file query-v6.tsv (TSV, C-alpha atoms and all ligand atoms)
chain	number	residue	atom	x	y	z
L	17	VAL	CA	-54.51	-93.82	33.55
L	18	SER	CA	-51.86	-96.42	34.33
L	19	ALA	CA	-50.33	-99.14	32.16
L	20	ALA	CA	-51.75	-102.66	32.28
L	21	PRO	CA	-50.68	-104.41	35.49
L	22	GLU	CA	-48.38	-107.42	35.46
L	23	ARG	CA	-50.28	-110.61	36.08
L	24	LEU	CA	-48.92	-113.65	37.92
L	25	ARG	CA	-50.88	-116.73	38.78
L	26	VAL	CA	-50.64	-119.01	41.80
L	27	ALA	CA	-51.65	-122.43	40.44
L	28	LEU	CA	-53.36	-124.42	43.20
L	29	GLY	CA	-56.15	-126.24	41.36
L	30	GLU	CA	-59.53	-124.89	42.41
L	31	ARG	CA	-57.80	-122.54	44.86
L	32	SER	CA	-55.76	-120.84	42.09
L	33	TYR	CA	-55.68	-117.05	42.01
L	34	ASP	CA	-54.20	-114.07	40.21
L	35	ILE	CA	-51.69	-111.61	41.59
L	36	LEU	CA	-51.77	-108.27	39.79
L	37	VAL	CA	-48.91	-105.80	40.23
L	38	GLY	CA	-49.03	-102.20	39.02
L	39	PRO	CA	-49.11	-98.60	40.20
L	40	GLY	CA	-52.66	-97.25	40.43
L	41	LEU	CA	-54.23	-100.69	40.93
L	42	ILE	CA	-55.96	-99.50	44.09
L	43	ASP	CA	-58.17	-97.34	41.86
L	44	ARG	CA	-59.04	-100.36	39.69
L	45	ALA	CA	-59.66	-102.78	42.54
L	46	GLY	CA	-63.43	-102.61	42.05
L	47	GLU	CA	-63.39	-103.69	38.42
L	48	GLU	CA	-60.73	-106.39	38.99
L	49	ILE	CA	-62.79	-107.88	41.83
L	50	ARG	CA	-66.09	-107.55	39.95
L	51	ALA	CA	-64.56	-109.42	36.99
L	52	ARG	CA	-63.84	-112.43	39.22
L	53	LEU	CA	-66.24	-112.53	42.17
L	54	GLN	CA	-69.93	-111.91	42.89
L	55	PRO	CA	-70.01	-111.02	46.58
L	56	SER	CA	-73.26	-110.21	48.36
L	57	ARG	CA	-71.51	-107.56	50.43
L	58	VAL	CA	-68.00	-106.20	50.81
L	59	VAL	CA	-66.13	-105.17	53.94
L	60	VAL	CA	-62.79	-103.36	53.78
L	61	VAL	CA	-60.60	-104.32	56.75
L	62	THR	CA	-57.68	-102.02	57.48
L	63	ASP	CA	-55.73	-100.49	60.38
L	64	SER	CA	-55.82	-96.96	61.76
L	65	HIS	CA	-52.46	-95.98	60.21
L	66	LEU	CA	-53.86	-96.79	56.78
L	67	ALA	CA	-57.12	-95.07	57.68
L	68	ALA	CA	-55.09	-91.84	57.94
L	69	THR	CA	-53.91	-92.19	54.32
L	70	PRO	CA	-56.01	-91.59	51.17
L	71	PHE	CA	-55.94	-95.31	50.31
L	72	PRO	CA	-59.12	-96.64	52.00
L	73	ASP	CA	-61.23	-93.85	50.47
L	74	ARG	CA	-59.73	-94.49	47.03
L	75	LEU	CA	-60.29	-98.23	47.40
L	76	GLU	CA	-63.91	-97.76	48.49
L	77	ALA	CA	-64.55	-95.28	45.66
L	78	SER	CA	-63.27	-97.86	43.19
L	79	LEU	CA	-65.44	-100.58	44.77
L	80	ALA	CA	-68.51	-98.33	44.71
L	81	ALA	CA	-67.91	-97.46	41.05
L	82	ALA	CA	-68.03	-101.20	40.31
L	83	GLY	CA	-71.30	-101.57	42.21
L	84	LEU	CA	-69.60	-102.99	45.30
L	85	ALA	CA	-70.47	-100.54	48.07
L	86	ALA	CA	-68.31	-101.45	51.06
L	87	ARG	CA	-68.36	-101.01	54.81
L	88	ARG	CA	-65.08	-100.43	56.65
L	89	GLU	CA	-63.68	-102.09	59.75
L	90	VAL	CA	-60.59	-100.50	61.30
L	91	VAL	CA	-58.37	-102.38	63.75
L	92	PRO	CA	-55.53	-100.91	65.82
L	93	PRO	CA	-52.10	-101.02	64.15
L	94	GLY	CA	-49.27	-103.24	65.31
L	95	GLU	CA	-48.44	-106.84	66.13
L	96	ALA	CA	-50.67	-106.76	69.25
L	97	SER	CA	-53.69	-106.83	66.93
L	98	LYS	CA	-52.89	-110.41	65.96
L	99	SER	CA	-54.74	-111.49	69.11
L	100	PHE	CA	-57.86	-113.39	70.16
L	101	SER	CA	-59.41	-110.18	71.51
L	102	VAL	CA	-59.02	-108.14	68.31
L	103	LEU	CA	-60.09	-111.17	66.25
L	104	GLU	CA	-63.20	-111.56	68.40
L	105	ARG	CA	-64.13	-107.88	68.04
L	106	LEU	CA	-63.60	-108.03	64.27
L	107	LEU	CA	-65.72	-111.18	63.87
L	108	ASP	CA	-68.44	-109.70	66.04
L	109	ALA	CA	-68.50	-106.49	63.98
L	110	LEU	CA	-68.69	-108.51	60.76
L	111	ILE	CA	-71.56	-110.63	62.07
L	112	ALA	CA	-73.37	-107.60	63.49
L	113	GLY	CA	-72.99	-105.99	60.05
L	114	GLY	CA	-74.95	-108.85	58.51
L	115	ALA	CA	-72.19	-111.08	57.13
L	116	ASP	CA	-73.30	-114.08	55.09
L	117	ARG	CA	-71.39	-116.81	53.23
L	118	ARG	CA	-70.98	-114.56	50.19
L	119	THR	CA	-69.47	-111.68	52.15
L	120	LEU	CA	-66.07	-110.63	50.78
L	121	LEU	CA	-63.33	-109.19	52.97
L	122	VAL	CA	-61.00	-106.79	51.14
L	123	VAL	CA	-57.90	-106.56	53.30
L	124	LEU	CA	-55.90	-103.33	53.02
L	125	GLY	CA	-52.71	-103.20	55.09
L	126	GLY	CA	-49.48	-104.84	56.10
L	127	GLY	CA	-48.86	-108.38	57.28
L	128	VAL	CA	-50.60	-107.80	60.60
L	129	VAL	CA	-53.94	-106.88	59.06
L	130	GLY	CA	-53.41	-109.50	56.35
L	131	ASP	CA	-52.83	-112.33	58.83
L	132	LEU	CA	-55.63	-111.22	61.17
L	133	ALA	CA	-58.31	-110.51	58.56
L	134	GLY	CA	-57.24	-113.51	56.47
L	135	PHE	CA	-57.83	-115.68	59.53
L	136	ALA	CA	-61.17	-113.99	60.19
L	137	ALA	CA	-62.12	-114.86	56.59
L	138	ALA	CA	-61.01	-118.46	57.17
L	139	ILE	CA	-63.32	-118.99	60.15
L	140	LEU	CA	-66.23	-116.55	59.68
L	141	LEU	CA	-69.26	-118.74	58.87
L	142	ARG	CA	-66.74	-121.59	58.23
L	143	GLY	CA	-64.97	-119.55	55.58
L	144	VAL	CA	-65.66	-116.57	53.33
L	145	ASP	CA	-63.64	-115.12	50.44
L	146	HIS	CA	-60.97	-112.50	50.87
L	147	VAL	CA	-58.86	-110.33	48.59
L	148	GLN	CA	-55.50	-109.02	49.76
L	149	LEU	CA	-54.28	-105.49	49.01
L	150	PRO	CA	-50.91	-105.46	50.79
L	151	THR	CA	-49.45	-102.05	51.61
L	152	THR	CA	-46.04	-102.86	53.09
L	153	LEU	CA	-43.13	-104.18	51.05
L	154	LEU	CA	-43.00	-107.20	53.37
L	155	ALA	CA	-46.64	-108.00	52.73
L	156	GLN	CA	-46.31	-107.37	48.98
L	157	VAL	CA	-43.40	-109.79	48.55
L	158	ASP	CA	-44.28	-112.33	51.21
L	159	SER	CA	-47.20	-112.44	53.60
L	160	ALA	CA	-50.10	-111.55	51.28
L	161	ILE	CA	-49.62	-114.67	49.16
L	162	GLY	CA	-49.43	-118.27	50.21
L	163	GLY	CA	-52.53	-118.50	52.37
L	164	LYS	CA	-50.96	-118.60	55.82
L	165	THR	CA	-53.23	-116.67	58.19
L	166	GLY	CA	-53.36	-116.45	61.94
L	167	ILE	CA	-52.81	-114.74	65.25
L	168	ASN	CA	-50.39	-114.92	68.18
L	169	THR	CA	-51.03	-116.26	71.67
L	170	ALA	CA	-49.33	-115.42	74.95
L	171	ARG	CA	-47.05	-118.44	74.30
L	172	GLY	CA	-45.74	-117.30	70.96
L	173	LYS	CA	-46.21	-116.00	67.43
L	174	ASN	CA	-48.53	-117.48	64.83
L	175	LEU	CA	-49.59	-120.39	67.05
L	176	VAL	CA	-53.25	-120.24	66.01
L	177	GLY	CA	-54.27	-119.98	62.38
L	178	ALA	CA	-55.38	-121.62	59.17
L	179	PHE	CA	-54.34	-122.06	55.58
L	180	HIS	CA	-56.83	-119.96	53.63
L	181	GLN	CA	-55.85	-118.73	50.18
L	182	PRO	CA	-57.01	-115.31	48.98
L	183	ARG	CA	-59.15	-115.17	45.79
L	184	LEU	CA	-57.07	-112.33	44.35
L	185	VAL	CA	-54.03	-110.28	45.38
L	186	LEU	CA	-53.77	-106.69	44.16
L	187	ILE	CA	-50.36	-105.09	44.63
L	188	ASP	CA	-50.09	-101.37	44.07
L	189	PRO	CA	-46.44	-100.36	44.66
L	190	ALA	CA	-47.56	-96.71	44.85
L	191	THR	CA	-49.21	-97.49	48.21
L	192	LEU	CA	-45.64	-97.77	49.56
L	193	ASP	CA	-45.24	-93.99	49.15
L	194	THR	CA	-46.57	-93.39	52.66
L	195	LEU	CA	-44.75	-96.32	54.28
L	196	PRO	CA	-42.07	-95.22	56.78
L	197	ALA	CA	-38.55	-95.73	55.36
L	198	ARG	CA	-37.63	-98.10	58.17
L	199	GLU	CA	-40.57	-100.39	57.28
L	200	LEU	CA	-39.56	-100.27	53.61
L	201	ARG	CA	-35.99	-101.31	54.46
L	202	ALA	CA	-37.27	-104.13	56.66
L	203	GLY	CA	-39.31	-105.51	53.76
L	204	TYR	CA	-36.27	-105.17	51.53
L	205	ALA	CA	-34.46	-107.78	53.63
L	206	GLU	CA	-37.07	-110.34	52.48
L	207	VAL	CA	-36.51	-109.27	48.85
L	208	VAL	CA	-32.77	-109.90	49.28
L	209	LYS	CA	-33.61	-113.31	50.79
L	210	TYR	CA	-35.18	-114.48	47.51
L	211	GLY	CA	-31.96	-113.69	45.64
L	212	LEU	CA	-29.90	-115.51	48.24
L	213	ILE	CA	-32.08	-118.65	48.11
L	214	ASP	CA	-31.84	-119.51	44.42
L	215	ASP	CA	-31.47	-116.45	42.19
L	216	PRO	CA	-27.89	-115.10	42.16
L	217	ALA	CA	-28.65	-112.92	39.11
L	218	PHE	CA	-31.42	-111.21	41.10
L	219	PHE	CA	-29.04	-110.62	44.00
L	220	ALA	CA	-26.50	-109.13	41.59
L	221	TRP	CA	-29.24	-106.88	40.19
L	222	LEU	CA	-30.09	-105.77	43.72
L	223	GLU	CA	-26.42	-104.98	44.34
L	224	ARG	CA	-26.65	-102.55	41.40
L	225	GLU	CA	-30.24	-101.30	41.70
L	226	GLY	CA	-31.20	-101.77	45.36
L	227	GLY	CA	-30.82	-98.03	45.93
L	228	ARG	CA	-33.52	-97.36	43.34
L	229	VAL	CA	-35.83	-99.90	44.98
L	230	LEU	CA	-35.44	-98.19	48.34
L	231	ALA	CA	-35.87	-94.76	46.72
L	232	ARG	CA	-39.33	-96.09	45.62
L	233	ASP	CA	-38.51	-95.82	41.92
L	234	ALA	CA	-41.66	-97.30	40.33
L	235	ASP	CA	-39.92	-99.54	37.77
L	236	ALA	CA	-37.28	-100.84	40.17
L	237	LEU	CA	-39.88	-101.52	42.86
L	238	ALA	CA	-42.17	-103.34	40.45
L	239	ARG	CA	-39.30	-105.52	39.21
L	240	ALA	CA	-38.17	-106.36	42.75
L	241	ILE	CA	-41.73	-107.21	43.79
L	242	VAL	CA	-42.55	-109.32	40.73
L	243	THR	CA	-39.30	-111.29	40.93
L	244	SER	CA	-39.86	-111.94	44.63
L	245	LEU	CA	-43.47	-113.00	44.07
L	246	GLN	CA	-42.53	-115.38	41.27
L	247	ALA	CA	-40.12	-117.07	43.67
L	248	LYS	CA	-42.68	-117.28	46.47
L	249	ALA	CA	-45.46	-118.46	44.13
L	250	ARG	CA	-43.27	-121.31	42.83
L	251	VAL	CA	-42.57	-122.49	46.35
L	252	VAL	CA	-46.21	-122.22	47.46
L	253	GLU	CA	-47.35	-124.15	44.39
L	254	GLY	CA	-44.88	-126.92	45.15
L	255	ASP	CA	-45.73	-127.17	48.85
L	256	GLU	CA	-49.01	-125.42	49.72
L	257	ARG	CA	-49.18	-126.61	53.32
L	258	GLU	CA	-45.49	-126.78	54.11
L	259	THR	CA	-45.33	-130.56	54.24
L	260	SER	CA	-42.61	-131.54	51.75
L	261	GLY	CA	-39.85	-129.31	53.07
L	262	ARG	CA	-39.71	-127.29	49.88
L	263	ARG	CA	-41.33	-124.31	51.54
L	264	ALA	CA	-38.66	-124.53	54.23
L	265	LEU	CA	-36.17	-122.72	51.96
L	266	LEU	CA	-38.19	-119.55	52.56
L	267	ASN	CA	-36.95	-119.81	56.14
L	268	LEU	CA	-33.39	-118.90	55.15
L	269	GLY	CA	-32.07	-116.74	58.00
L	270	HIS	CA	-35.30	-117.14	59.94
L	271	THR	CA	-34.23	-119.50	62.72
L	272	PHE	CA	-31.73	-116.85	63.83
L	273	ALA	CA	-34.19	-114.05	63.06
L	274	HIS	CA	-36.96	-115.54	65.21
L	275	ALA	CA	-34.56	-115.82	68.15
L	276	TYR	CA	-33.44	-112.17	67.87
L	277	GLU	CA	-37.09	-111.12	67.54
L	278	ALA	CA	-38.24	-113.17	70.52
L	279	GLU	CA	-35.44	-111.73	72.63
L	280	SER	CA	-36.33	-108.19	71.51
L	281	GLY	CA	-39.99	-108.62	72.39
L	282	TYR	CA	-42.02	-107.72	69.24
L	283	ASP	CA	-42.50	-104.16	70.47
L	284	GLY	CA	-41.07	-102.45	67.40
L	285	GLY	CA	-37.55	-102.35	68.84
L	286	LEU	CA	-36.42	-104.83	66.18
L	287	LEU	CA	-38.67	-105.24	63.13
L	288	HIS	CA	-39.08	-108.69	61.58
L	289	GLY	CA	-37.21	-107.69	58.44
L	290	GLU	CA	-34.37	-106.23	60.50
L	291	ALA	CA	-34.12	-109.52	62.36
L	292	VAL	CA	-34.09	-111.27	58.98
L	293	ALA	CA	-31.12	-109.13	57.89
L	294	LEU	CA	-29.23	-110.26	61.02
L	295	GLY	CA	-30.34	-113.83	60.38
L	296	LEU	CA	-29.27	-113.89	56.74
L	297	VAL	CA	-25.76	-112.82	57.71
L	298	LYS	CA	-25.70	-115.49	60.45
L	299	ALA	CA	-26.88	-118.19	58.05
L	300	PHE	CA	-24.03	-117.28	55.71
L	301	GLU	CA	-21.50	-117.15	58.57
L	302	LEU	CA	-22.66	-120.54	59.82
L	303	SER	CA	-22.36	-121.99	56.33
L	304	ARG	CA	-18.83	-120.62	56.04
L	305	ARG	CA	-17.87	-122.12	59.41
L	306	LEU	CA	-19.13	-125.48	58.20
L	307	GLY	CA	-16.88	-125.12	55.16
L	308	LEU	CA	-19.80	-124.82	52.76
L	309	CYS	CA	-19.69	-121.20	51.64
L	310	PRO	CA	-16.79	-118.93	50.62
L	311	GLN	CA	-16.01	-115.94	52.87
L	312	GLU	CA	-16.31	-113.63	49.87
L	313	HIS	CA	-20.05	-114.42	49.64
L	314	VAL	CA	-20.53	-113.76	53.36
L	315	ALA	CA	-18.93	-110.35	52.85
L	316	ARG	CA	-21.11	-109.50	49.83
L	317	VAL	CA	-24.31	-110.29	51.75
L	318	ARG	CA	-23.22	-108.35	54.81
L	319	ASP	CA	-22.02	-105.33	52.76
L	320	HIS	CA	-25.18	-105.18	50.70
L	321	LEU	CA	-27.54	-105.22	53.67
L	322	ALA	CA	-25.41	-102.79	55.68
L	323	SER	CA	-25.04	-100.36	52.77
L	324	HIS	CA	-28.85	-100.05	52.68
L	325	GLY	CA	-29.15	-99.31	56.36
L	326	LEU	CA	-30.11	-102.76	57.62
L	327	PRO	CA	-28.56	-104.14	60.82
L	328	VAL	CA	-25.94	-106.87	60.33
L	329	GLU	CA	-24.28	-106.78	63.76
L	330	PRO	CA	-26.51	-108.08	66.59
L	331	GLY	CA	-24.18	-106.57	69.18
L	332	ARG	CA	-25.01	-103.11	67.85
L	333	VAL	CA	-28.77	-103.53	67.73
L	334	ARG	CA	-29.25	-102.90	71.41
L	335	PRO	CA	-26.89	-101.64	74.10
L	336	LYS	CA	-27.03	-104.77	76.27
L	337	GLY	CA	-26.51	-107.09	73.29
L	338	PHE	CA	-27.98	-110.61	73.23
L	339	ASP	CA	-27.29	-113.49	75.61
L	340	PRO	CA	-26.12	-116.50	73.54
L	341	ASP	CA	-27.74	-119.03	75.87
L	342	ARG	CA	-31.09	-117.30	75.66
L	343	LEU	CA	-30.79	-117.14	71.86
L	344	LEU	CA	-30.00	-120.88	71.77
L	345	ALA	CA	-32.99	-121.61	73.99
L	346	ALA	CA	-35.21	-119.50	71.72
L	347	MET	CA	-33.93	-121.39	68.66
L	348	ALA	CA	-34.56	-124.71	70.36
L	349	ARG	CA	-38.18	-123.64	70.97
L	350	ASP	CA	-38.57	-122.79	67.27
L	351	LYS	CA	-40.29	-125.51	65.25
L	352	LYS	CA	-37.29	-126.98	63.51
L	353	VAL	CA	-35.66	-129.05	66.25
L	354	GLN	CA	-34.68	-132.71	65.85
L	355	ASP	CA	-32.85	-134.80	68.50
L	356	GLY	CA	-31.41	-131.73	70.25
L	357	ARG	CA	-29.97	-130.44	67.01
L	358	ILE	CA	-31.45	-127.44	65.29
L	359	ASN	CA	-32.41	-127.65	61.63
L	360	PHE	CA	-31.07	-124.87	59.42
L	361	VAL	CA	-31.36	-123.69	55.89
L	362	LEU	CA	-27.72	-123.35	54.81
L	363	VAL	CA	-25.98	-122.08	51.68
L	364	ARG	CA	-23.17	-123.17	49.39
L	365	GLY	CA	-23.00	-119.55	48.27
L	366	ILE	CA	-25.25	-116.73	47.07
L	367	GLY	CA	-28.30	-118.28	45.38
L	368	ARG	CA	-27.47	-121.82	46.54
L	369	ALA	CA	-29.57	-122.49	49.65
L	370	PHE	CA	-30.56	-125.96	50.81
L	371	ALA	CA	-32.81	-127.07	53.66
L	372	GLY	CA	-32.81	-129.46	56.56
L	373	THR	CA	-29.30	-129.58	57.97
L	374	PRO	CA	-29.17	-130.32	61.73
L	375	VAL	CA	-26.51	-128.30	63.56
L	376	ALA	CA	-25.37	-128.94	67.13
L	377	ALA	CA	-25.55	-126.18	69.75
L	378	LYS	CA	-21.78	-126.21	70.30
L	379	VAL	CA	-21.26	-125.22	66.65
L	380	LEU	CA	-23.80	-122.42	66.94
L	381	ARG	CA	-22.71	-120.91	70.20
L	382	PRO	CA	-19.57	-119.09	69.04
L	383	LEU	CA	-21.64	-117.43	66.29
L	384	LEU	CA	-23.97	-116.00	68.91
L	385	ASP	CA	-21.29	-114.71	71.22
L	386	HIS	CA	-21.28	-111.14	70.00
L	387	ALA	CA	-19.09	-109.83	72.78
L	388	ARG	CA	-16.23	-111.97	71.49
L	389	ALA	CA	-17.02	-111.62	67.76
Q	1	LIG	N1	-48.72	-114.99	56.43
Q	1	LIG	C1	-47.45	-115.06	56.09
Q	1	LIG	O1	-47.05	-115.87	55.27
Q	1	LIG	C2	-46.47	-114.10	56.73
Q	1	LIG	C3	-45.18	-113.99	56.21
Q	1	LIG	C4	-44.33	-113.05	56.77
Q	1	LIG	C5	-44.77	-112.25	57.81
Q	1	LIG	N2	-46.04	-112.39	58.30
Q	1	LIG	C6	-46.53	-111.53	59.38
Q	1	LIG	O2	-46.57	-110.20	58.92
Q	1	LIG	C7	-46.52	-109.34	60.05
Q	1	LIG	C8	-45.62	-108.18	59.73
Q	1	LIG	O3	-46.14	-107.49	58.63
Q	1	LIG	P1	-45.66	-106.01	58.26
Q	1	LIG	O4	-44.20	-105.92	58.32
Q	1	LIG	O5	-46.35	-105.65	57.01
Q	1	LIG	O6	-46.17	-105.16	59.52
Q	1	LIG	P2	-47.48	-104.30	59.82
Q	1	LIG	O7	-48.69	-104.85	59.19
Q	1	LIG	O8	-47.48	-104.08	61.27
Q	1	LIG	O9	-47.15	-102.91	59.08
Q	1	LIG	C9	-46.06	-102.14	59.52
Q	1	LIG	C10	-46.49	-100.73	59.93
Q	1	LIG	O10	-46.73	-99.95	58.76
Q	1	LIG	C11	-48.03	-99.40	58.78
Q	1	LIG	N3	-48.44	-99.32	57.37
Q	1	LIG	C12	-48.74	-100.36	56.57
Q	1	LIG	N4	-48.88	-99.94	55.30
Q	1	LIG	C13	-48.66	-98.61	55.31
Q	1	LIG	C14	-48.65	-97.62	54.28
Q	1	LIG	N5	-48.81	-97.93	52.98
Q	1	LIG	N6	-48.41	-96.35	54.65
Q	1	LIG	C15	-48.18	-96.02	55.96
Q	1	LIG	N7	-48.16	-96.92	56.95
Q	1	LIG	C16	-48.39	-98.21	56.63
Q	1	LIG	C17	-48.83	-100.29	59.65
Q	1	LIG	O11	-49.94	-99.64	60.22
Q	1	LIG	C18	-47.80	-100.67	60.71
Q	1	LIG	O12	-47.67	-99.65	61.66
Q	1	LIG	C19	-46.04	-110.19	61.22
Q	1	LIG	O13	-47.12	-110.38	62.11
Q	1	LIG	C20	-45.64	-111.50	60.58
Q	1	LIG	O14	-45.87	-112.61	61.43
Q	1	LIG	C21	-46.89	-113.29	57.76
Q	2	ZN	ZN	-39.79	-113.29	57.10

call {"tool": "encode", "arguments": {"input": "query-v6.tsv", "output": "structure tokens"}}
result
Amino acid sequence: VSAAPERLRVALGERSYDILVGPGLIDRAGEEIRARLQPSRVVVVTDSHLAATPFPDRLEASLAAAGLAARREVVPPGEASKSFSVLERLLDALIAGGADRRTLLVVLGGGVVGDLAGFAAAILLRGVDHVQLPTTLLAQVDSAIGGKTGINTARGKNLVGAFHQPRLVLIDPATLDTLPARELRAGYAEVVKYGLIDDPAFFAWLEREGGRVLARDADALARAIVTSLQAKARVVEGDERETSGRRALLNLGHTFAHAYEAESGYDGGLLHGEAVALGLVKAFELSRRLGLCPQEHVARVRDHLASHGLPVEPGRVRPKGFDPDRLLAAMARDKKVQDGRINFVLVRGIGRAFAGTPVAAKVLRPLLDHARA
């Protein structure tokens, strides 16, 4: 029997929902859902990596014990599943299984399954409820809350999707026990990001305790997750649909990261969180070049990420390095371009990020020239 979970709330009027965080929650999912929702039928959507762990069986046992017998739909793992073809197969299976407007999707997996199944929930019968049970650190601190759902197209990532908030998010840090260490580290880069945006005390705590987080110490993990979620929930509440620019702060490091990712090809060679680690260092270096941020803070960020095994040196990520002109072109294709200048989230130091500064390509280029760096 586990201690009572921590409860956070995302306040969005009639779309408000709880986030519960606690080890063992997967075995209480049934009662937590039953206490809030009255679905006609329940479908667990997960991927085949998760299907090889005990978690789907435990989740379904908990649902059944609460009178919510569930069917299971399993999609292939990996970014390629955020596609029209996998979405179509999933929707077809749900409809063939007798979905109606009161069908509930219970989504068990990382950000890929979360984005895909969340989008399926958004459009199935013009929208059904879904509950997120994220199982990667990245999904637990970022993608499972906020309501962004969607898939990729041949022309780029996340180009088709919808805002569709979950009805409940259940975060069981013990599900991270089976997550490969490299995936855990990648998610950790997003945790660090929250400290760098506006919480220097959290970053300082991570400097001391980050090793315990990555060693999957239950208390340290829970604290890192809850602190990150509080930060994300505040931003989502202030800017649900990313219109006011407030949500833009969450993109710290991401303009660089998206360029490194696009150049690496989303094939697992460079994970999103690894690209974020590179991008965070670049955002700090850029801020220092612009005279905004002391060098000492750049060094702390770089040292912290590197000491936990995250990449900080793009030139070392792959043998052939990255072509600065291709990186610039990738950044220019990213959403945040204005009059030929690229909009960045910059920092005045650790925990002092601010959004919406246009930077000219000639200022960026030397930062991307890794051969000379
Ligand atoms: N919606 C949003 O707001 C948002 C935010 C950030 C990222 N994203 C999206 O999230 C996706 C990345 O998510 P991710 O990093 O979680 O990747 P992922 O879902 O691909 O999971 C990573 C790998 O770990 C496996 N896995 C997941 N949980 C496991 C567990 N507990 N034990 C063993 N294996 C496990 C998965 O099968 C997969 O192979 C990207 O598509 C990105 O665009 C969305
Ligand atoms: Zn990210």

call {"tool": "atom_distance", "arguments": {"input": "query-v6.tsv", "atom1": "CA of Asp350 (chain L)", "atom2": "CA of Val251 (chain L)"}}
result
21.3 Å

call {"tool": "residues_around", "arguments": {"input": "query-v6.tsv", "residues": "Ala85 (chain L)", "least_positions_apart": "2", "cutoff": "12 Å", "atoms": "all atoms listed in the file", "output": "PDB file with C-alpha atoms, keeping the file's coordinate frame"}}
result
ATOM      1  CA  GLY L  46     -63.430-102.610  42.050  1.00  0.00           C
ATOM      2  CA  ARG L  50     -66.090-107.550  39.950  1.00  0.00           C
ATOM      3  CA  PRO L  55     -70.010-111.020  46.580  1.00  0.00           C
ATOM      4  CA  SER L  56     -73.260-110.210  48.360  1.00  0.00           C
ATOM      5  CA  ARG L  57     -71.510-107.560  50.430  1.00  0.00           C
ATOM      6  CA  VAL L  58     -68.000-106.200  50.810  1.00  0.00           C
ATOM      7  CA  VAL L  59     -66.130-105.170  53.940  1.00  0.00           C
ATOM      8  CA  VAL L  60     -62.790-103.360  53.780  1.00  0.00           C
ATOM      9  CA  ASP L  73     -61.230 -93.850  50.470  1.00  0.00           C
ATOM     10  CA  LEU L  75     -60.290 -98.230  47.400  1.00  0.00           C
ATOM     11  CA  GLU L  76     -63.910 -97.760  48.490  1.00  0.00           C
ATOM     12  CA  ALA L  77     -64.550 -95.280  45.660  1.00  0.00           C
ATOM     13  CA  SER L  78     -63.270 -97.860  43.190  1.00  0.00           C
ATOM     14  CA  LEU L  79     -65.440-100.580  44.770  1.00  0.00           C
ATOM     15  CA  ALA L  80     -68.510 -98.330  44.710  1.00  0.00           C
ATOM     16  CA  ALA L  81     -67.910 -97.460  41.050  1.00  0.00           C
ATOM     17  CA  ALA L  82     -68.030-101.200  40.310  1.00  0.00           C
ATOM     18  CA  GLY L  83     -71.300-101.570  42.210  1.00  0.00           C
ATOM     19  CA  ARG L  87     -68.360-101.010  54.810  1.00  0.00           C
ATOM     20  CA  ARG L  88     -65.080-100.430  56.650  1.00  0.00           C
ATOM     21  CA  THR L 119     -69.470-111.680  52.150  1.00  0.00           C
ATOM     22  CA  LEU L 120     -66.070-110.630  50.780  1.00  0.00           C
ATOM     23  CA  VAL L 122     -61.000-106.790  51.140  1.00  0.00           C
TER      24      VAL L 122
END

call {"tool": "closest_residue", "arguments": {"input": "query-v6.tsv", "among": "L:Val317, L:Val292, L:Ile161, L:Leu149", "to": "Lys248 (chain L)", "atoms": "only C-alpha atoms"}}
result
L:Ile161

call {"tool": "residues_near_point", "arguments": {"input": "query-v6.tsv", "point": "(-53.4, -109.9, 41.4)", "cutoff": "9 Å", "atoms": "all atoms listed in the file", "output": "list of chain:residue names"}}
result
L:Pro21, L:Glu22, L:Arg23, L:Leu24, L:Arg25, L:Tyr33, L:Asp34, L:Ile35, L:Leu36, L:Val37, L:Glu48, L:Gln148, L:Leu149, L:Arg183, L:Leu184, L:Val185, L:Leu186, L:Ile187

call {"tool": "residues_near_ligand", "arguments": {"input": "query-v6.tsv", "ligand": "ligand LIG 1 (chain Q)", "cutoff": "7 Å", "atoms": "all atoms listed in the file", "output": "compact mmCIF listing (two decimals) with C-alpha atoms, keeping the file's coordinate frame"}}
result
# COMPACT_ATOMS: atom_id res chain seq x y z
CA ASP L 63 -55.73 -100.49 60.38
CA SER L 64 -55.82 -96.96 61.76
CA HIS L 65 -52.46 -95.98 60.21
CA LEU L 66 -53.86 -96.79 56.78
CA THR L 69 -53.91 -92.19 54.32
CA PRO L 93 -52.10 -101.02 64.15
CA GLY L 94 -49.27 -103.24 65.31
CA GLU L 95 -48.44 -106.84 66.13
CA LYS L 98 -52.89 -110.41 65.96
CA GLY L 125 -52.71 -103.20 55.09
CA GLY L 126 -49.48 -104.84 56.10
CA GLY L 127 -48.86 -108.38 57.28
CA VAL L 128 -50.60 -107.80 60.60
CA VAL L 129 -53.94 -106.88 59.06
CA ASP L 131 -52.83 -112.33 58.83
CA THR L 151 -49.45 -102.05 51.61
CA THR L 152 -46.04 -102.86 53.09
CA LEU L 153 -43.13 -104.18 51.05
CA LEU L 154 -43.00 -107.20 53.37
CA ALA L 155 -46.64 -108.00 52.73
CA ASP L 158 -44.28 -112.33 51.21
CA SER L 159 -47.20 -112.44 53.60
CA ALA L 160 -50.10 -111.55 51.28
CA ILE L 161 -49.62 -114.67 49.16
CA GLY L 162 -49.43 -118.27 50.21
CA GLY L 163 -52.53 -118.50 52.37
CA LYS L 164 -50.96 -118.60 55.82
CA THR L 165 -53.23 -116.67 58.19
CA LYS L 173 -46.21 -116.00 67.43
CA ASN L 174 -48.53 -117.48 64.83
CA THR L 191 -49.21 -97.49 48.21
CA LEU L 192 -45.64 -97.77 49.56
CA ASP L 193 -45.24 -93.99 49.15
CA THR L 194 -46.57 -93.39 52.66
CA LEU L 195 -44.75 -96.32 54.28
CA PRO L 196 -42.07 -95.22 56.78
CA GLU L 199 -40.57 -100.39 57.28
CA GLY L 203 -39.31 -105.51 53.76
CA HIS L 288 -39.08 -108.69 61.58
